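Visitor: What follows is the file final22.txt, containing compact mmCIF, C-alpha atoms and all ligand atoms:
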```txt
# COMPACT_ATOMS: atom_id res chain seq x y z
CA MET U 27 -2.26 -23.42 8.36
CA SER U 28 -1.57 -25.87 5.58
CA LEU U 29 1.78 -24.61 4.27
CA SER U 30 5.10 -25.17 5.96
CA PHE U 31 8.07 -23.17 4.69
CA THR U 32 11.39 -24.92 4.13
CA VAL U 33 14.18 -22.51 5.05
CA THR U 34 17.50 -22.47 3.17
CA GLU U 35 19.65 -19.68 4.55
CA ARG U 36 22.25 -18.22 2.23
CA SER U 37 25.86 -18.19 3.40
CA ASP U 38 26.70 -14.91 1.65
CA ARG U 39 24.43 -12.46 3.52
CA LEU U 40 25.20 -8.79 3.12
CA PRO U 41 27.88 -7.86 5.70
CA ASP U 42 26.51 -6.21 8.87
CA ALA U 43 28.18 -2.85 8.22
CA GLU U 44 26.68 -2.60 4.71
CA ARG U 45 23.23 -3.55 5.97
CA GLU U 46 23.46 -0.99 8.76
CA ALA U 47 24.44 1.71 6.25
CA ILE U 48 21.31 0.88 4.20
CA LEU U 49 19.11 0.93 7.32
CA ALA U 50 20.47 4.36 8.28
CA ASP U 51 19.03 5.90 5.10
CA PRO U 52 16.74 3.37 3.41
CA GLY U 53 14.65 5.58 1.10
CA PHE U 54 11.81 3.50 -0.35
CA GLY U 55 11.89 0.27 -2.35
CA LYS U 56 15.50 0.43 -3.45
CA ARG U 57 17.25 -2.33 -1.51
CA PHE U 58 16.07 -5.79 -0.60
CA THR U 59 16.82 -8.23 2.20
CA ASP U 60 18.91 -11.39 1.87
CA HIS U 61 16.00 -13.79 1.44
CA MET U 62 12.58 -14.15 -0.16
CA VAL U 63 9.58 -16.46 0.05
CA ARG U 64 8.49 -18.53 -2.92
CA ALA U 65 5.67 -21.03 -3.38
CA THR U 66 3.93 -22.56 -6.37
CA TRP U 67 0.28 -23.30 -7.03
CA THR U 68 -0.95 -25.66 -9.70
CA ARG U 69 -4.52 -26.53 -10.56
CA ASP U 70 -3.85 -30.18 -9.74
CA GLY U 71 -1.48 -29.81 -6.78
CA GLY U 72 -2.73 -26.67 -4.99
CA TRP U 73 -0.08 -24.72 -3.04
CA HIS U 74 3.24 -26.51 -2.64
CA ASP U 75 7.04 -26.03 -2.55
CA ALA U 76 6.76 -23.25 0.03
CA GLN U 77 10.25 -22.03 0.90
CA VAL U 78 12.37 -19.23 2.22
CA THR U 79 15.41 -18.98 0.00
CA ALA U 80 18.14 -16.55 -1.14
CA TYR U 81 16.77 -13.34 -2.72
CA GLY U 82 17.24 -13.59 -6.47
CA PRO U 83 15.63 -13.51 -9.93
CA PHE U 84 12.85 -15.78 -11.10
CA GLN U 85 13.39 -17.88 -14.17
CA LEU U 86 10.36 -17.08 -16.30
CA ASP U 87 9.31 -18.60 -19.60
CA PRO U 88 8.79 -15.84 -22.21
CA ALA U 89 5.26 -17.19 -22.64
CA ALA U 90 4.44 -16.82 -18.91
CA ALA U 91 0.87 -15.51 -18.91
CA VAL U 92 1.61 -12.61 -16.55
CA LEU U 93 3.89 -11.05 -19.17
CA HIS U 94 1.04 -10.99 -21.67
CA TYR U 95 -2.22 -10.68 -19.76
CA ALA U 96 -1.09 -9.13 -16.43
CA GLN U 97 -2.72 -11.76 -14.21
CA GLU U 98 -1.03 -10.55 -11.03
CA ILE U 99 -1.82 -9.12 -7.57
CA PHE U 100 0.20 -7.77 -4.65
CA GLU U 101 -0.03 -6.40 -1.11
CA GLY U 102 1.92 -3.82 0.87
CA MET U 103 2.55 -4.13 4.61
CA LYS U 104 5.21 -3.07 7.09
CA ALA U 105 7.16 -4.70 9.92
CA TYR U 106 8.21 -2.52 12.87
CA ARG U 107 10.87 -3.17 15.49
CA HIS U 108 9.61 -2.23 18.97
CA ALA U 109 11.74 -1.03 21.89
CA ASP U 110 12.21 -4.59 23.26
CA GLY U 111 13.54 -5.83 19.89
CA SER U 112 10.36 -7.74 18.94
CA VAL U 113 8.99 -7.30 15.40
CA TRP U 114 5.32 -6.64 14.66
CA THR U 115 3.04 -5.98 11.74
CA PHE U 116 -0.22 -4.08 11.47
CA ARG U 117 -3.60 -5.67 10.73
CA PRO U 118 -2.30 -8.50 8.50
CA GLU U 119 -5.77 -10.12 8.58
CA ALA U 120 -7.10 -7.10 6.67
CA ASN U 121 -4.39 -7.49 4.02
CA ALA U 122 -5.03 -11.24 3.83
CA ALA U 123 -8.75 -10.60 3.29
CA ARG U 124 -8.04 -8.01 0.57
CA TRP U 125 -5.50 -10.38 -0.99
CA ASN U 126 -8.21 -13.01 -1.37
CA ARG U 127 -10.68 -10.47 -2.79
CA SER U 128 -8.06 -9.32 -5.30
CA ALA U 129 -7.22 -12.96 -6.13
CA GLN U 130 -10.85 -13.70 -6.84
CA ARG U 131 -11.19 -10.67 -9.15
CA LEU U 132 -8.03 -11.62 -11.07
CA ALA U 133 -9.00 -15.31 -11.25
CA LEU U 134 -5.99 -16.30 -9.15
CA PRO U 135 -6.01 -18.94 -6.36
CA GLY U 136 -6.89 -17.90 -2.82
CA MET U 137 -4.66 -18.48 0.20
CA GLU U 138 -5.61 -19.23 3.80
CA GLU U 139 -5.05 -16.26 6.13
CA ALA U 140 -2.75 -18.42 8.29
CA ASP U 141 -0.55 -19.27 5.29
CA PHE U 142 -0.42 -15.64 4.14
CA ILE U 143 0.68 -14.50 7.61
CA GLY U 144 2.89 -17.59 7.97
CA ALA U 145 4.82 -16.51 4.85
CA LEU U 146 5.51 -13.09 6.41
CA LYS U 147 6.64 -14.69 9.67
CA ALA U 148 8.92 -17.13 7.86
CA LEU U 149 10.68 -14.36 5.94
CA VAL U 150 10.97 -11.90 8.82
CA GLU U 151 12.33 -14.60 11.14
CA VAL U 152 15.27 -15.18 8.77
CA ASP U 153 15.81 -11.51 7.86
CA LYS U 154 14.95 -9.87 11.18
CA ALA U 155 18.30 -8.02 11.27
CA TRP U 156 16.86 -5.99 8.36
CA VAL U 157 14.01 -4.54 10.42
CA PRO U 158 15.02 -0.98 11.32
CA ASP U 159 14.56 0.40 14.81
CA SER U 160 11.07 1.93 14.72
CA THR U 161 11.09 3.40 18.23
CA SER U 162 11.40 6.93 16.88
CA GLY U 163 10.33 8.08 13.42
CA GLU U 164 8.67 5.84 10.82
CA ALA U 165 11.40 3.45 9.64
CA SER U 166 10.13 -0.06 8.93
CA LEU U 167 10.67 -3.12 6.78
CA TYR U 168 8.22 -2.94 3.87
CA LEU U 169 6.78 -6.38 3.05
CA ARG U 170 5.59 -7.05 -0.47
CA PRO U 171 3.64 -10.29 -1.02
CA PHE U 172 2.73 -10.86 -4.69
CA MET U 173 1.62 -13.64 -7.03
CA PHE U 174 1.54 -13.99 -10.77
CA ALA U 175 0.51 -16.32 -13.57
CA SER U 176 3.71 -18.22 -14.33
CA GLU U 177 2.22 -20.84 -16.64
CA ALA U 178 3.66 -20.71 -20.17
CA PHE U 179 0.49 -20.51 -22.25
CA LEU U 180 -0.79 -17.86 -24.64
CA GLY U 181 -4.49 -18.71 -24.56
CA VAL U 182 -6.58 -16.26 -22.58
CA ARG U 183 -7.81 -18.17 -19.51
CA PRO U 184 -6.87 -18.31 -15.81
CA ALA U 185 -3.37 -19.73 -15.45
CA GLU U 186 -2.99 -23.24 -14.13
CA GLU U 187 0.39 -22.48 -12.58
CA VAL U 188 0.92 -19.48 -10.30
CA THR U 189 3.99 -18.27 -8.40
CA PHE U 190 3.67 -16.67 -4.95
CA SER U 191 6.45 -14.65 -3.39
CA VAL U 192 7.22 -12.23 -0.57
CA ILE U 193 10.14 -9.81 -0.72
CA ALA U 194 11.11 -7.21 1.88
CA SER U 195 12.72 -3.80 1.62
CA PRO U 196 13.78 -1.41 4.39
CA ALA U 197 11.73 1.78 4.14
CA GLY U 198 11.90 5.34 5.34
CA SER U 199 9.71 8.09 3.95
CA TYR U 200 7.91 7.24 0.67
CA PHE U 201 8.37 10.74 -0.72
CA THR U 202 11.93 11.88 -1.27
CA GLY U 203 11.36 15.32 0.28
CA GLY U 204 10.34 13.71 3.62
CA LEU U 205 7.17 14.93 5.33
CA LYS U 206 6.03 17.98 3.40
CA PRO U 207 2.72 18.64 1.63
CA VAL U 208 2.43 17.06 -1.82
CA SER U 209 0.87 18.75 -4.84
CA LEU U 210 -1.75 16.91 -6.90
CA TRP U 211 -2.47 17.07 -10.60
CA ILE U 212 -6.15 16.56 -11.43
CA SER U 213 -6.19 14.01 -14.21
CA GLU U 214 -8.78 15.01 -16.85
CA HIS U 215 -7.67 12.67 -19.64
CA PHE U 216 -7.04 9.45 -17.80
CA SER U 217 -9.16 7.28 -15.52
CA ARG U 218 -7.62 4.75 -13.20
CA ALA U 219 -10.56 2.34 -13.07
CA GLY U 220 -14.16 2.01 -14.23
CA LYS U 221 -17.40 0.46 -13.05
CA GLY U 222 -17.07 -3.32 -12.89
CA GLY U 223 -13.32 -3.12 -13.52
CA THR U 224 -10.42 -3.98 -11.24
CA GLY U 225 -10.16 -0.69 -9.29
CA ALA U 226 -10.91 -2.31 -5.92
CA ALA U 227 -8.29 -5.03 -6.46
CA LYS U 228 -4.62 -4.53 -5.68
CA CYS U 229 -3.35 -5.61 -9.08
CA GLY U 230 -0.38 -4.31 -11.03
CA GLY U 231 -2.56 -3.29 -13.98
CA ASN U 232 -4.20 -0.52 -11.94
CA TYR U 233 -0.81 0.95 -11.17
CA ALA U 234 0.29 0.67 -14.81
CA ALA U 235 -2.90 2.54 -15.74
CA SER U 236 -1.95 5.37 -13.39
CA LEU U 237 1.49 6.02 -14.87
CA ALA U 238 0.55 8.17 -17.88
CA ALA U 239 -1.29 10.50 -15.48
CA GLN U 240 1.76 10.45 -13.22
CA ILE U 241 3.89 11.65 -16.15
CA GLU U 242 1.36 14.42 -16.79
CA ALA U 243 1.53 15.36 -13.09
CA ALA U 244 5.32 15.61 -13.17
CA GLU U 245 5.22 17.66 -16.38
CA ASN U 246 2.97 20.09 -14.54
CA GLY U 247 5.22 20.30 -11.50
CA CYS U 248 3.07 18.03 -9.29
CA ASP U 249 4.04 15.08 -7.10
CA GLN U 250 1.01 12.84 -7.73
CA SER U 251 -2.20 12.79 -9.70
CA VAL U 252 -5.69 12.47 -8.29
CA PHE U 253 -8.23 10.43 -10.26
CA LEU U 254 -11.88 11.33 -10.75
CA ASP U 255 -14.68 8.83 -11.35
CA SER U 256 -14.64 7.52 -14.92
CA LEU U 257 -18.38 7.95 -15.51
CA GLU U 258 -18.82 11.70 -14.88
CA GLN U 259 -15.25 12.87 -14.26
CA LYS U 260 -16.74 14.69 -11.29
CA TYR U 261 -16.11 12.81 -8.04
CA ILE U 262 -12.79 12.28 -6.27
CA GLU U 263 -11.62 8.67 -6.22
CA GLU U 264 -8.01 8.18 -5.11
CA LEU U 265 -4.39 8.90 -5.98
CA GLY U 266 -3.52 5.57 -7.57
CA GLY U 267 -1.40 4.46 -4.59
CA MET U 268 -3.15 6.32 -1.77
CA ASN U 269 -6.63 7.22 -0.47
CA VAL U 270 -7.72 10.79 0.27
CA PHE U 271 -9.24 12.51 3.33
CA LEU U 272 -10.56 16.07 3.69
CA VAL U 273 -10.69 17.78 7.10
CA HIS U 274 -13.60 20.18 7.72
CA LYS U 275 -13.37 23.02 10.21
CA ASP U 276 -16.14 21.48 12.38
CA GLY U 277 -14.11 18.27 12.84
CA ARG U 278 -15.70 16.17 10.09
CA LEU U 279 -13.19 13.88 8.41
CA VAL U 280 -14.53 13.04 4.96
CA THR U 281 -13.27 10.42 2.51
CA PRO U 282 -14.74 9.14 -0.78
CA SER U 283 -17.06 6.18 -0.20
CA LEU U 284 -16.00 2.86 -1.70
CA THR U 285 -17.58 2.72 -5.12
CA GLY U 286 -16.02 -0.48 -6.41
CA SER U 287 -13.36 1.41 -8.32
CA ILE U 288 -11.43 2.66 -5.26
CA LEU U 289 -8.94 0.51 -3.36
CA GLU U 290 -10.09 -0.18 0.20
CA GLY U 291 -6.95 0.94 2.02
CA VAL U 292 -6.10 -0.66 5.37
CA THR U 293 -4.71 2.72 6.47
CA ARG U 294 -7.95 4.35 5.27
CA SER U 295 -10.14 2.02 7.35
CA SER U 296 -7.83 2.37 10.38
CA ILE U 297 -8.08 6.17 10.21
CA LEU U 298 -11.89 5.95 10.05
CA GLU U 299 -11.75 3.97 13.32
CA LEU U 300 -9.10 6.12 15.01
CA ALA U 301 -10.99 9.31 14.15
CA LYS U 302 -13.46 8.82 16.98
CA ASP U 303 -10.60 8.69 19.55
CA LEU U 304 -9.34 12.00 18.18
CA ASP U 305 -12.66 13.89 18.43
CA LEU U 306 -13.19 13.75 14.68
CA GLU U 307 -16.36 12.68 12.97
CA PRO U 308 -15.64 10.25 10.12
CA GLU U 309 -17.83 10.41 7.03
CA GLU U 310 -17.72 8.30 3.84
CA ARG U 311 -19.54 9.79 0.86
CA LYS U 312 -19.16 11.07 -2.67
CA ILE U 313 -17.03 14.24 -2.85
CA SER U 314 -17.05 16.28 -6.04
CA LEU U 315 -13.99 18.15 -7.15
CA GLU U 316 -16.10 21.31 -7.22
CA GLU U 317 -17.06 20.83 -3.56
CA TRP U 318 -13.38 20.37 -2.64
CA ARG U 319 -12.42 23.53 -4.53
CA ALA U 320 -15.24 25.70 -3.12
CA ASP U 321 -14.81 24.46 0.46
CA ALA U 322 -11.03 24.82 0.39
CA GLU U 323 -11.38 28.36 -0.95
CA SER U 324 -13.99 29.35 1.65
CA GLY U 325 -12.02 27.87 4.56
CA GLU U 326 -14.68 25.19 5.24
CA ILE U 327 -12.01 22.56 4.42
CA THR U 328 -8.91 23.29 6.49
CA GLU U 329 -6.67 20.38 5.50
CA ALA U 330 -6.42 17.42 3.15
CA PHE U 331 -4.18 14.40 3.27
CA ALA U 332 -3.32 11.21 1.41
CA CYS U 333 -2.84 7.90 3.20
CA GLY U 334 -1.55 4.42 2.54
CA THR U 335 0.83 1.84 3.95
CA ALA U 336 3.82 3.30 2.12
CA ALA U 337 2.89 6.98 2.50
CA VAL U 338 1.36 6.64 6.03
CA VAL U 339 -0.35 10.08 6.24
CA THR U 340 0.96 12.74 3.85
CA PRO U 341 -0.50 16.26 3.76
CA ILE U 342 -1.79 17.65 0.46
CA GLY U 343 -0.83 21.25 -0.21
CA ARG U 344 -2.40 22.25 -3.53
CA LEU U 345 -4.38 20.91 -6.49
CA VAL U 346 -3.52 21.85 -10.04
CA SER U 347 -5.45 21.38 -13.30
CA THR U 348 -5.75 22.95 -16.72
CA GLN U 349 -8.36 25.25 -15.10
CA GLY U 350 -5.89 26.69 -12.58
CA GLU U 351 -4.97 25.73 -9.04
CA PHE U 352 -6.09 26.07 -5.43
CA ARG U 353 -4.55 25.52 -2.01
CA THR U 354 -6.10 22.94 0.26
CA GLY U 355 -3.91 23.04 3.34
CA PRO U 356 -1.08 24.82 5.12
CA GLU U 357 2.49 24.79 3.88
CA GLY U 358 5.45 23.67 6.01
CA GLU U 359 4.68 20.31 7.62
CA GLY U 360 0.96 20.37 6.77
CA GLY U 361 -1.94 20.84 9.17
CA PRO U 362 -2.46 19.79 12.80
CA VAL U 363 -5.17 17.19 12.15
CA ALA U 364 -3.10 15.23 9.60
CA SER U 365 -0.17 15.33 11.94
CA LYS U 366 -2.30 14.17 14.91
CA ILE U 367 -3.66 11.22 12.89
CA ARG U 368 -0.22 10.34 11.56
CA LYS U 369 1.17 10.30 15.10
CA ALA U 370 -1.71 8.22 16.49
CA LEU U 371 -1.26 5.61 13.75
CA LEU U 372 2.53 5.43 13.94
CA ASP U 373 2.45 5.31 17.75
CA VAL U 374 0.37 2.11 17.67
CA GLN U 375 2.36 0.56 14.81
CA THR U 376 5.74 1.20 16.38
CA GLY U 377 4.73 0.23 19.93
CA ARG U 378 4.93 3.76 21.31
CA ALA U 379 1.24 3.59 22.29
CA GLU U 380 -0.88 0.74 23.60
CA ASP U 381 -2.55 -1.42 20.93
CA THR U 382 -6.06 -1.26 22.37
CA ARG U 383 -7.73 -2.72 19.26
CA GLY U 384 -5.55 -5.80 18.81
CA TRP U 385 -4.25 -4.49 15.50
CA LEU U 386 -0.70 -5.81 15.91
CA THR U 387 0.58 -9.31 15.13
CA ARG U 388 4.01 -10.44 16.24
CA LEU U 389 6.24 -11.62 13.39
CA ALA U 390 9.51 -12.29 15.25
C1 LIG U 401 1.29 0.75 -0.35
O1 LIG U 401 1.04 1.78 0.28
O2 LIG U 401 1.67 -0.29 0.21
C2 LIG U 401 1.15 0.69 -1.78
O3 LIG U 401 0.90 -0.34 -2.29
C3 LIG U 401 1.34 1.96 -2.53
C4 LIG U 401 2.45 1.92 -3.52
C5 LIG U 401 3.81 1.79 -2.93
C6 LIG U 401 2.19 0.99 -4.63
```
Could the structure of this file be written out as structure tokens, please?
Guide:
Amino acid sequence: MSLSFTVTERSDRLPDAEREAILADPGFGKRFTDHMVRATWTRDGGWHDAQVTAYGPFQLDPAAAVLHYAQEIFEGMKAYRHADGSVWTFRPEANAARWNRSAQRLALPGMEEADFIGALKALVEVDKAWVPDSTSGEASLYLRPFMFASEAFLGVRPAEEVTFSVIASPAGSYFTGGLKPVSLWISEHFSRAGKGGTGAAKCGGNYAASLAAQIEAAENGCDQSVFLDSLEQKYIEELGGMNVFLVHKDGRLVTPSLTGSILEGVTRSSILELAKDLDLEPEERKISLEEWRADAESGEITEAFACGTAAVVTPIGRLVSTQGEFRTGPEGEGGPVASKIRKALLDVQTGRAEDTRGWLTRLA
């Protein structure tokens, strides 16, 4: 680890009663803890000025390159409070590795895994009162590391000054309706990412590119949109903020293979590993929309679900397009396989089950 974080605690923390009221019903991404991490990178000086400081706005030059050319990446992780009060996170090495892959694709500086995890530890140590009790349910403290081109320069080239930060936000269920099947709009006009593009990187631009489809989804009464491959508009890719799994009646658990334009979700890869413990047979391959429709209609596919750090495992109820719609899973709380996988994952994350794979790292 090469960075050490200077800690300046604020004297005007949110009063305990107000914080507890937020933790009782956190929603997602609405409220933020008392502190944040900041660090700066310059071409000449590398990473420096690493600190934990009061949560607050950045002062940004209007010419900051991120505002013009979107040179930015982020990660999403969660901290869970276990029964003994200790605070843990899930597979941070996988996020650190993806962070560095994203950084490389966006021509941003890399960061040592130990510094990336050290930043999370430094923030959570100061704000540990903000980590909800995770011993029942799925409450957690969502951690959002991000970095952006803060150099004031309008030429198009990799920035020579970059700002790194981590903020944290108490989180309950990502979807406002709680755990109920979501409906998906099949985006025919918009692609999220193309061959050779940034689809496999966790960069803000990919999410911006998903928003017009999200508006179309909402206009058609759907919760999310599902993107098809940009070349043939035929194969399922992902939801923009979540990966997709289909459950076959013989126990096969199928997810689109990583094509370079799909984000490699940490939840996705964890489910592929957990599947074997749950008597499911994981399979990564191309899945056409037509196959999904035909197999859902024939009963060959019994369930479908979306997954991600924020959404955990969320059942998919129906798919809608200009061509009509079809059901792809039970109503109510979704199907038994999604709920079994969701439980297995949350049990490890929250300390309700033994962490046999060494997936947890203690933060505080
Ligand atoms: C996550 O699951 O952490 C995501 O990044 C999805 C979304 C909240 C952007």
Visitor: Measuring between all atoms listed in the file, which one of U:Glu119, U:Asp51, U:Glu264, U:Asp110 shows the shortest distance to ligand LIG 401 (chain U)?
Guide: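 Ranking U:Glu119, U:Asp51, U:Glu264, U:Asp110 by distance to ligand LIG 401 (chain U), first place goes to U:Glu264.
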Visitor: As a quick test: using only C-alpha atoms and all ligand atoms, which residues lie no more than 6 Å away from ligand LIG 401 (chain U)? Give them as a list in words.
Guide: Gly102, Met103, Gly267, Gly334, Thr335, Ala336 and Ala337 of chain U
Visitor: Store the residues picked out above, limited to C-alpha atoms, as a JSON list (two decimals), keeping the file's coordinate frame.
Guide:
```json
[["chain", "number", "residue", "atom", "x", "y", "z"],
["U", 102, "GLY", "CA", 1.92, -3.82, 0.87],
["U", 103, "MET", "CA", 2.55, -4.13, 4.61],
["U", 267, "GLY", "CA", -1.40, 4.46, -4.59],
["U", 334, "GLY", "CA", -1.55, 4.42, 2.54],
["U", 335, "THR", "CA", 0.83, 1.84, 3.95],
["U", 336, "ALA", "CA", 3.82, 3.30, 2.12],
["U", 337, "ALA", "CA", 2.89, 6.98, 2.50]]
```
Visitor: Once you count all atoms listed in the file, which residues end up no further than 7 Å from (-2.8, -12.1, -12.6) in the file's frame, shown as number ranges by chain?
Guide: U: 92, 96-99, 132, 134, 174-175
Visitor: Near Glu177 (chain U), counting only C-alpha atoms, which residues have an atom at most 6 Å away, once you skip same-chain residues fewer than 4 positions from it, shown as a VMD selection string?
Guide: chain U and resid 90 to 91 185 187
Visitor: Between U:Leu298, U:Leu29, U:Ala370, U:Val273, which has the minimum distance to Glu329 (chain U) (counting all atoms listed in the file)?
Guide: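 The shortest atom-to-atom distance to Glu329 (chain U) comes from U:Val273.
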Visitor: Ranking U:Lys56, U:Lys302, U:Arg311, U:Lys260 by minimum distance to Leu272 (chain U) and counting all atoms listed in the file, which one comes first?
Guide: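 Among U:Lys56, U:Lys302, U:Arg311, U:Lys260, it is U:Arg311 that comes nearest to Leu272 (chain U).
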Visitor: When you draw a straight line from CA of Val208 (chain U) to CA of Asn121 (chain U), how long is it in Å?
Guide: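 Taking CA of Val208 (chain U) as the start and CA of Asn121 (chain U) as the end point, the length is 26.1 Å.
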Visitor: Mind checking which residues fall within 8 Å of Ser195 (chain U), counting all atoms listed in the file, ignoring those fewer than 2 positions away in the same chain, and posting them as a PyMOL selection string?
Guide: chain U and resi 54-59+167-169+193+197
Visitor: In Å, how far is it from CA of Lys369 (chain U) to CA of Leu284 (chain U)?
Guide: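 Between CA of Lys369 (chain U) and CA of Leu284 (chain U) the gap is 25.1 Å.
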Visitor: Taking all atoms listed in the file into account, produce a table as CSV in which each residue of region 245-346 of chain U with an atom at most 9 Å from an atom of region 360-366 of chain U appears once, together with its shortest atom pair and the distance in Å to one decimal, ordered by chain and rising number.
Guide:
```
residue,atom,partner,partner_atom,distance
U:Val273,CA,U:Val363,CA,7.5
U:Leu304,CA,U:Lys366,CA,8.1
U:Thr328,CA,U:Gly361,CA,7.9
U:Glu329,CA,U:Gly361,CA,6.0
U:Ala330,CA,U:Ala364,CA,7.6
U:Phe331,CA,U:Ala364,CA,6.5
U:Val339,CA,U:Ala364,CA,6.7
U:Thr340,CA,U:Ala364,CA,7.5
U:Pro341,CA,U:Gly360,CA,5.3
U:Ile342,CA,U:Gly360,CA,7.4
U:Gly343,CA,U:Gly360,CA,7.3
```
Visitor: How many Å lie between CA of Asp75 (chain U) and CA of Asp60 (chain U), rounded to one decimal?
Guide: 19.4 Å
Visitor: At most 7 Å from (-13.5, 18.9, 14.1), file frame, only C-alpha atoms: which residues, as a ChimeraX atom specification?
Guide: /U:274-278,305-307
Visitor: Name the closest residue to Thr281 (chain U) among the candidates U:Glu258, U:Ser314, U:Glu164, U:Asp303; distances are taken between atoms, counting only C-alpha atoms.
Guide: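 Comparing U:Glu258, U:Ser314, U:Glu164, U:Asp303 against Thr281 (chain U), the winner is U:Ser314.
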Visitor: Do a neighbour search on Asn246 (chain U) at 8 Å with all atoms listed in the file, toss out local chain neighbours closer than 3 positions, and write the hits as an NGL selection string.
Guide: :U and (211 or 242-243)
Visitor: Rank nothing, just name the residue among U:Glu263, U:Glu151, U:Asp255, U:Glu310 nearest to Trp114 (chain U), using only C-alpha atoms.
Guide: U:Glu151
Visitor: Give me, as a ChimeraX atom specification, all polymer residues having an atom no more than 8 Å from Thr66 (chain U), counting all atoms listed in the file and skipping those fewer than 6 positions away in the same chain.
Guide: /U:72-76,187-190
Visitor: Contacts of Asn126 (chain U) at 7 Å or less, counting only C-alpha atoms, minus same-chain residues fewer than 3 places along, as a ChimeraX atom specification?
Guide: /U:122-123,129-130,136-137
Visitor: Only all heavy atoms, as a tab-separated table (two decimals), in the first residue's frame: that is what I want for region 262-267 of chain U.
Guide:
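The file below, selection-v7.tsv, is the result:
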```
chain	number	residue	atom	x	y	z
U	262	ILE	N	-29.24	-11.10	-26.29
U	262	ILE	CA	-29.41	-10.38	-25.03
U	262	ILE	C	-28.03	-9.96	-24.49
U	262	ILE	O	-27.12	-10.78	-24.44
U	262	ILE	CB	-30.05	-11.30	-23.96
U	262	ILE	CG1	-31.38	-11.87	-24.46
U	262	ILE	CG2	-30.20	-10.61	-22.61
U	262	ILE	CD1	-32.44	-10.84	-24.66
U	263	GLU	N	-27.92	-8.70	-24.08
U	263	GLU	CA	-26.68	-8.28	-23.44
U	263	GLU	C	-26.89	-8.07	-21.95
U	263	GLU	O	-26.63	-8.93	-21.16
U	263	GLU	CB	-26.14	-7.01	-24.11
U	263	GLU	CG	-25.77	-7.25	-25.57
U	263	GLU	CD	-24.36	-6.89	-25.91
U	263	GLU	OE1	-24.01	-5.71	-25.75
U	263	GLU	OE2	-23.60	-7.77	-26.36
U	264	GLU	N	-27.41	-6.94	-21.56
U	264	GLU	CA	-27.62	-6.66	-20.13
U	264	GLU	C	-28.65	-5.55	-19.98
U	264	GLU	O	-29.19	-5.05	-20.97
U	264	GLU	CB	-26.30	-6.30	-19.46
U	264	GLU	CG	-25.65	-5.09	-20.08
U	264	GLU	CD	-24.73	-4.35	-19.11
U	264	GLU	OE1	-25.28	-3.67	-18.22
U	264	GLU	OE2	-23.51	-4.44	-19.26
U	265	LEU	N	-28.89	-5.16	-18.72
U	265	LEU	CA	-29.93	-4.16	-18.47
U	265	LEU	C	-29.39	-2.73	-18.35
U	265	LEU	O	-30.13	-1.80	-18.05
U	265	LEU	CB	-30.66	-4.50	-17.16
U	265	LEU	CG	-31.93	-5.34	-17.29
U	265	LEU	CD1	-31.69	-6.60	-18.09
U	265	LEU	CD2	-32.45	-5.71	-15.91
U	266	GLY	N	-28.10	-2.56	-18.50
U	266	GLY	CA	-27.55	-1.21	-18.31
U	266	GLY	C	-26.96	-1.06	-16.92
U	266	GLY	O	-25.90	-0.50	-16.76
U	267	GLY	N	-27.61	-1.60	-15.90
U	267	GLY	CA	-27.06	-1.55	-14.54
U	267	GLY	C	-27.08	-2.91	-13.89
U	267	GLY	O	-26.78	-3.04	-12.70
```
